[in-house]
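Structure data (PDB, C-alpha atoms) from structure.pdb:
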ATOM      1  CA  MET A   1       2.167  19.313  11.483
ATOM      2  CA  THR A   2       3.588  22.621  10.277
ATOM      3  CA  ILE A   3       4.232  25.185  12.967
ATOM      4  CA  VAL A   4       5.708  28.596  12.169
ATOM      5  CA  ALA A   5       7.846  30.069  14.947
ATOM      6  CA  ASP A   6       8.291  33.567  16.277
ATOM      7  CA  THR A   7      11.516  34.748  17.907
ATOM      8  CA  GLY A   8      10.682  34.377  21.603
ATOM      9  CA  PRO A   9       9.899  30.670  21.847
ATOM     10  CA  LEU A  10      12.963  29.707  19.791
ATOM     11  CA  HIS A  11      15.115  32.012  21.920
ATOM     12  CA  TYR A  12      13.971  30.424  25.170
ATOM     13  CA  MET A  13      14.020  26.845  23.897
ATOM     14  CA  VAL A  14      17.669  27.382  22.930
ATOM     15  CA  LEU A  15      18.504  29.023  26.272
ATOM     16  CA  ILE A  16      17.138  26.084  28.254
ATOM     17  CA  GLY A  17      18.781  23.522  25.964
ATOM     18  CA  GLN A  18      15.530  22.106  24.598
ATOM     19  CA  ALA A  19      15.302  23.382  21.006
ATOM     20  CA  LYS A  20      16.002  19.827  19.871
ATOM     21  CA  VAL A  21      12.498  18.696  20.908
ATOM     22  CA  LEU A  22      10.942  20.812  18.160
ATOM     23  CA  ALA A  23      12.076  18.395  15.426
ATOM     24  CA  PRO A  24      10.331  15.262  16.748
ATOM     25  CA  LEU A  25       7.258  17.291  17.666
ATOM     26  CA  TYR A  26       6.809  19.222  14.418
ATOM     27  CA  LYS A  27       9.250  17.721  11.847
ATOM     28  CA  ARG A  28       9.901  21.125  10.269
ATOM     29  CA  VAL A  29       9.635  24.640  11.614
ATOM     30  CA  PRO A  30       9.496  27.479   9.077
ATOM     31  CA  VAL A  31      10.619  30.897  10.302
ATOM     32  CA  PRO A  32      10.705  34.215   8.466
ATOM     33  CA  THR A  33      14.070  35.884   7.898
ATOM     34  CA  THR A  34      12.931  38.679  10.245
ATOM     35  CA  VAL A  35      12.987  36.193  13.142
ATOM     36  CA  VAL A  36      16.513  35.076  12.246
ATOM     37  CA  GLU A  37      17.687  38.695  11.996
ATOM     38  CA  LYS A  38      16.218  39.489  15.426
ATOM     39  CA  MET A  39      17.929  36.453  16.966
ATOM     40  CA  LEU A  40      21.293  37.632  15.615
ATOM     41  CA  GLN A  41      21.071  41.125  17.133
ATOM     42  CA  PRO A  42      22.693  42.145  20.395
ATOM     43  CA  PRO A  43      21.825  41.817  23.255
ATOM     44  CA  THR A  44      20.715  38.314  22.258
ATOM     45  CA  PRO A  45      22.737  35.789  24.297
ATOM     46  CA  ASP A  46      25.721  34.206  22.566
ATOM     47  CA  ALA A  47      24.164  30.729  22.810
ATOM     48  CA  VAL A  48      21.115  31.875  20.848
ATOM     49  CA  ARG A  49      23.140  33.792  18.262
ATOM     50  CA  GLY A  50      25.430  30.798  17.791
ATOM     51  CA  TRP A  51      22.486  28.421  17.384
ATOM     52  CA  ILE A  52      20.677  30.567  14.804
ATOM     53  CA  SER A  53      23.963  31.170  12.928
ATOM     54  CA  ARG A  54      24.062  27.417  12.258
ATOM     55  CA  PRO A  55      20.389  26.456  12.237
ATOM     56  CA  PRO A  56      19.395  22.797  12.333
ATOM     57  CA  VAL A  57      18.042  21.279   9.117
ATOM     58  CA  TRP A  58      14.472  21.222  10.460
ATOM     59  CA  LEU A  59      14.463  25.016  10.871
ATOM     60  CA  GLU A  60      13.460  26.364   7.466
ATOM     61  CA  VAL A  61      14.340  30.016   6.984
ATOM     62  CA  ARG A  62      11.886  31.598   4.561
ATOM     63  CA  PRO A  63      11.513  35.086   3.131
ATOM     64  CA  GLY A  64       8.933  36.970   5.106
ATOM     65  CA  PRO A  65       5.673  38.011   3.504
ATOM     66  CA  PRO A  66       5.176  41.627   2.443
ATOM     67  CA  PRO A  67       4.466  43.935   5.391
ATOM     68  CA  ASP A  68       0.834  43.922   6.482
ATOM     69  CA  ALA A  69      -0.379  47.323   7.682
ATOM     70  CA  THR A  70      -3.033  45.645   9.837
ATOM     71  CA  LEU A  71      -0.245  44.081  11.911
ATOM     72  CA  ARG A  72       1.725  47.254  12.598
ATOM     73  CA  PHE A  73       0.760  47.181  16.293
ATOM     74  CA  ILE A  74       2.656  43.951  16.988
ATOM     75  CA  ASP A  75       6.389  43.257  16.902
ATOM     76  CA  CYS A  76       8.021  42.825  13.478
ATOM     77  CA  GLY A  77       9.000  39.215  14.226
ATOM     78  CA  GLU A  78       5.478  38.350  15.323
ATOM     79  CA  SER A  79       4.014  40.110  12.302
ATOM     80  CA  ALA A  80       6.331  38.256   9.903
ATOM     81  CA  ALA A  81       5.699  34.891  11.615
ATOM     82  CA  LEU A  82       1.949  35.430  11.497
ATOM     83  CA  GLY A  83       2.087  36.427   7.835
ATOM     84  CA  LEU A  84       4.208  33.385   7.010
ATOM     85  CA  ALA A  85       1.843  31.095   8.929
ATOM     86  CA  LEU A  86      -1.114  32.471   6.977
ATOM     87  CA  SER A  87       0.674  32.086   3.631
ATOM     88  CA  PHE A  88       1.740  28.506   4.501
ATOM     89  CA  HIS A  89      -1.683  27.585   5.835
ATOM     90  CA  ALA A  90       0.211  26.408   8.908
ATOM     91  CA  GLU A  91      -1.724  24.409  11.463
ATOM     92  CA  ARG A  92      -0.222  26.388  14.317
ATOM     93  CA  ILE A  93       2.041  29.298  15.226
ATOM     94  CA  LEU A  94       4.568  29.261  18.051
ATOM     95  CA  ILE A  95       4.384  32.634  19.789
ATOM     96  CA  ASP A  96       4.507  33.850  23.393
ATOM     97  CA  ASP A  97       3.682  37.554  23.342
ATOM     98  CA  PHE A  98       0.107  38.349  24.373
ATOM     99  CA  GLY A  99      -0.570  40.794  21.521
ATOM    100  CA  GLY A 100       0.767  38.404  18.908
ATOM    101  CA  ARG A 101      -1.200  35.509  20.404
ATOM    102  CA  ALA A 102      -4.412  37.549  20.406
ATOM    103  CA  GLU A 103      -3.949  38.546  16.763
ATOM    104  CA  THR A 104      -3.181  34.935  15.824
ATOM    105  CA  VAL A 105      -6.432  33.761  17.418
ATOM    106  CA  ARG A 106      -8.334  36.635  15.787
ATOM    107  CA  ARG A 107      -7.099  35.342  12.426
ATOM    108  CA  ASN A 108      -8.318  31.820  13.217
ATOM    109  CA  LEU A 109      -4.930  30.172  13.636
ATOM    110  CA  ARG A 110      -4.067  27.831  16.486
ATOM    111  CA  VAL A 111      -1.381  29.101  18.805
ATOM    112  CA  THR A 112       1.007  27.558  21.278
ATOM    113  CA  GLY A 113       3.851  29.023  23.266
ATOM    114  CA  THR A 114       7.022  27.944  24.977
ATOM    115  CA  LEU A 115       5.144  26.342  27.872
ATOM    116  CA  GLY A 116       2.858  24.491  25.492
ATOM    117  CA  VAL A 117       5.859  23.005  23.724
ATOM    118  CA  LEU A 118       7.380  21.934  27.037
ATOM    119  CA  VAL A 119       4.117  20.239  28.057
ATOM    120  CA  LEU A 120       3.762  18.414  24.742
ATOM    121  CA  ALA A 121       7.415  17.342  24.787
ATOM    122  CA  HIS A 122       6.974  16.069  28.356
ATOM    123  CA  LYS A 123       3.866  14.109  27.426
ATOM    124  CA  ARG A 124       5.777  12.503  24.541
ATOM    125  CA  GLY A 125       8.663  11.586  26.815
ATOM    126  CA  LEU A 126      11.129  13.996  25.195
ATOM    127  CA  LEU A 127      11.978  15.993  28.318
ATOM    128  CA  ASP A 128      11.295  16.322  32.021
ATOM    129  CA  PHE A 129       8.851  19.200  32.444
ATOM    130  CA  GLU A 130       9.959  20.232  35.927
ATOM    131  CA  ALA A 131      13.636  20.304  34.944
ATOM    132  CA  ALA A 132      12.872  22.351  31.808
ATOM    133  CA  LEU A 133      10.618  24.687  33.798
ATOM    134  CA  ALA A 134      13.360  25.209  36.392
ATOM    135  CA  ARG A 135      15.785  26.211  33.623
ATOM    136  CA  LEU A 136      13.166  28.506  32.074
ATOM    137  CA  CYS A 137      12.618  30.194  35.442
ATOM    138  CA  ARG A 138      16.347  31.042  35.551
ATOM    139  CA  THR A 139      15.922  33.169  32.402
ATOM    140  CA  ASN A 140      14.015  36.430  32.064
ATOM    141  CA  PHE A 141      10.932  34.580  30.733
ATOM    142  CA  TYR A 142       7.842  35.867  32.544
ATOM    143  CA  LEU A 143       5.741  33.204  34.257
ATOM    144  CA  SER A 144       2.986  33.892  36.750
ATOM    145  CA  ALA A 145       2.489  31.447  39.606
ATOM    146  CA  GLU A 146      -1.100  30.964  38.412
ATOM    147  CA  LEU A 147       0.013  29.966  34.930
ATOM    148  CA  VAL A 148       2.559  27.491  36.280
ATOM    149  CA  GLN A 149      -0.099  25.972  38.527
ATOM    150  CA  LEU A 150      -2.544  25.703  35.618
ATOM    151  CA  VAL A 151       0.031  24.047  33.366
ATOM    152  CA  ARG A 152       1.090  21.585  36.069
ATOM    153  CA  SER A 153      -2.549  20.584  36.559
ATOM    154  CA  ARG A 154      -2.710  19.554  32.893
ATOM    155  CA  LEU A 155       0.323  17.260  32.929
TER     156      LEU A 155
END

File written out as structure tokens:
Amino acid sequence: MTIVADTGPLHYMVLIGQAKVLAPLYKRVPVPTTVVEKMLQPPTPDAVRGWISRPPVWLEVRPGPPPDATLRFIDCGESAALGLALSFHAERILIDDFGGRAETVRRNLRVTGTLGVLVLAHKRGLLDFEAALARLCRTNFYLSAELVQLVRSRL
């Protein structure tokens, strides 16, 4: 399965030490250069900047598509990831931001986020969900209690 990634989910998967689960789940993860550039900018944590400076072989950095004026209302990383996903005919896009997720759905692409990856990786025996969630909660990732409860009910 091809999944194109936006900045946020990669950022948080690196911060919690679980980026490695993306390879067995998706084999390859294309990302637009815009996402890489955003991950290299301060105030991105050193761990994330170091990781993206030496990306794993399964992370395929691709030139972003030409700017799409209809996507000007979402972040540049989200816009580039969505454009790349559409040009690749990707099965799914990895994105967390609400606006980017809504636009992805509007364009008939399947979407998953950081939590969705953690659930899938847990179900495949690649990580312990509660341990990964605890690490995620120690970052600035926003999680509502209702969302956590919903996700736990689906494990």

Would you kindly translate the PyMOL selection byres ((chain A and resi 21) around 12) into the concrete residues it picks from this file, as JSON, numbers by chain? {"A": [10, 13, 14, 16, 17, 18, 19, 20, 22, 23, 24, 25, 26, 27, 28, 29, 56, 58, 114, 117, 118, 119, 120, 121, 122, 123, 124, 125, 126, 127, 128, 132]}

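Our summary of the geometry notes that atom CA of Arg110 of chain A is positioned 17.8 Å from atom CA of Val151 of chain A.
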
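When all atoms listed in the file are used to measure the gap to Gly113 of chain A, the shortest distance among A:Ser53, A:Met1, A:Gly77, A:Thr7 belongs to A:Thr7.
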
I'd like the residues picked by the PyMOL selection byres ((chain A and resi 148) around 12) written out as a list in words, using the chain letters and numbers from the file. Leu115, Gly116, Leu118, Val119, Phe129, Glu130, Leu133, Ala134, Leu136, Cys137, Tyr142, Leu143, Ser144, Ala145, Glu146, Leu147, Gln149, Leu150, Val151, Arg152, Ser153, Arg154 and Leu155 of chain A

Applied to this file, what does the PyMOL selection byres ((chain A and resi 71) around 12) return in terms of residues, put as a PDB file with C-alpha atoms, in the coordinates of the input?
ATOM      1  CA  PRO A  65       5.673  38.011   3.504  1.00  0.00           C
ATOM      2  CA  PRO A  66       5.176  41.627   2.443  1.00  0.00           C
ATOM      3  CA  PRO A  67       4.466  43.935   5.391  1.00  0.00           C
ATOM      4  CA  ASP A  68       0.834  43.922   6.482  1.00  0.00           C
ATOM      5  CA  ALA A  69      -0.379  47.323   7.682  1.00  0.00           C
ATOM      6  CA  THR A  70      -3.033  45.645   9.837  1.00  0.00           C
ATOM      7  CA  ARG A  72       1.725  47.254  12.598  1.00  0.00           C
ATOM      8  CA  PHE A  73       0.760  47.181  16.293  1.00  0.00           C
ATOM      9  CA  ILE A  74       2.656  43.951  16.988  1.00  0.00           C
ATOM     10  CA  ASP A  75       6.389  43.257  16.902  1.00  0.00           C
ATOM     11  CA  CYS A  76       8.021  42.825  13.478  1.00  0.00           C
ATOM     12  CA  GLY A  77       9.000  39.215  14.226  1.00  0.00           C
ATOM     13  CA  GLU A  78       5.478  38.350  15.323  1.00  0.00           C
ATOM     14  CA  SER A  79       4.014  40.110  12.302  1.00  0.00           C
ATOM     15  CA  ALA A  80       6.331  38.256   9.903  1.00  0.00           C
ATOM     16  CA  ALA A  81       5.699  34.891  11.615  1.00  0.00           C
ATOM     17  CA  LEU A  82       1.949  35.430  11.497  1.00  0.00           C
ATOM     18  CA  GLY A  83       2.087  36.427   7.835  1.00  0.00           C
ATOM     19  CA  GLY A  99      -0.570  40.794  21.521  1.00  0.00           C
ATOM     20  CA  GLY A 100       0.767  38.404  18.908  1.00  0.00           C
ATOM     21  CA  ALA A 102      -4.412  37.549  20.406  1.00  0.00           C
ATOM     22  CA  GLU A 103      -3.949  38.546  16.763  1.00  0.00           C
ATOM     23  CA  THR A 104      -3.181  34.935  15.824  1.00  0.00           C
ATOM     24  CA  ARG A 106      -8.334  36.635  15.787  1.00  0.00           C
ATOM     25  CA  ARG A 107      -7.099  35.342  12.426  1.00  0.00           C
TER      26      ARG A 107
END

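The space separating atom CA of Phe88 of chain A from atom CA of Trp51 of chain A comes to 24.4 Å.
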
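Interatomic distance, atom CA of Pro45 of chain A to atom CA of Asp6 of chain A: 16.7 Å.
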
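The smallest atom-to-atom distance between Leu86 of chain A and any of A:Val105, A:Phe98, A:Val35, A:Gln41, using only C-alpha atoms, is found for A:Val105.
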
Skipping near chain neighbours, those fewer than 6 positions away, what residues fall within 9 Å of Ile52 of chain A using all atoms listed in the file, listed as an MDAnalysis selection string? chainID A and resid 36 39:40

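The shortest atom-to-atom distance to Val48 of chain A, with all atoms listed in the file taken into account, belongs to A:His11 out of A:Arg101, A:His11, A:Arg62, A:Arg135.
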
Would you please work out which residue, of A:Pro9, A:Asn108, A:Pro63, A:Val57, is nearest to His89 of chain A when using only C-alpha atoms? A:Asn108

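Distances here use all atoms listed in the file; by that measure, the residue among A:Leu15, A:Ile3, A:Pro32, A:Glu60 closest to Asp46 of chain A is A:Leu15.
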
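Proximity to Arg138 of chain A was assessed for A:Pro42, A:Val111, A:Ala47, A:Tyr12 counting only C-alpha atoms; the smallest distance is recorded for A:Tyr12.
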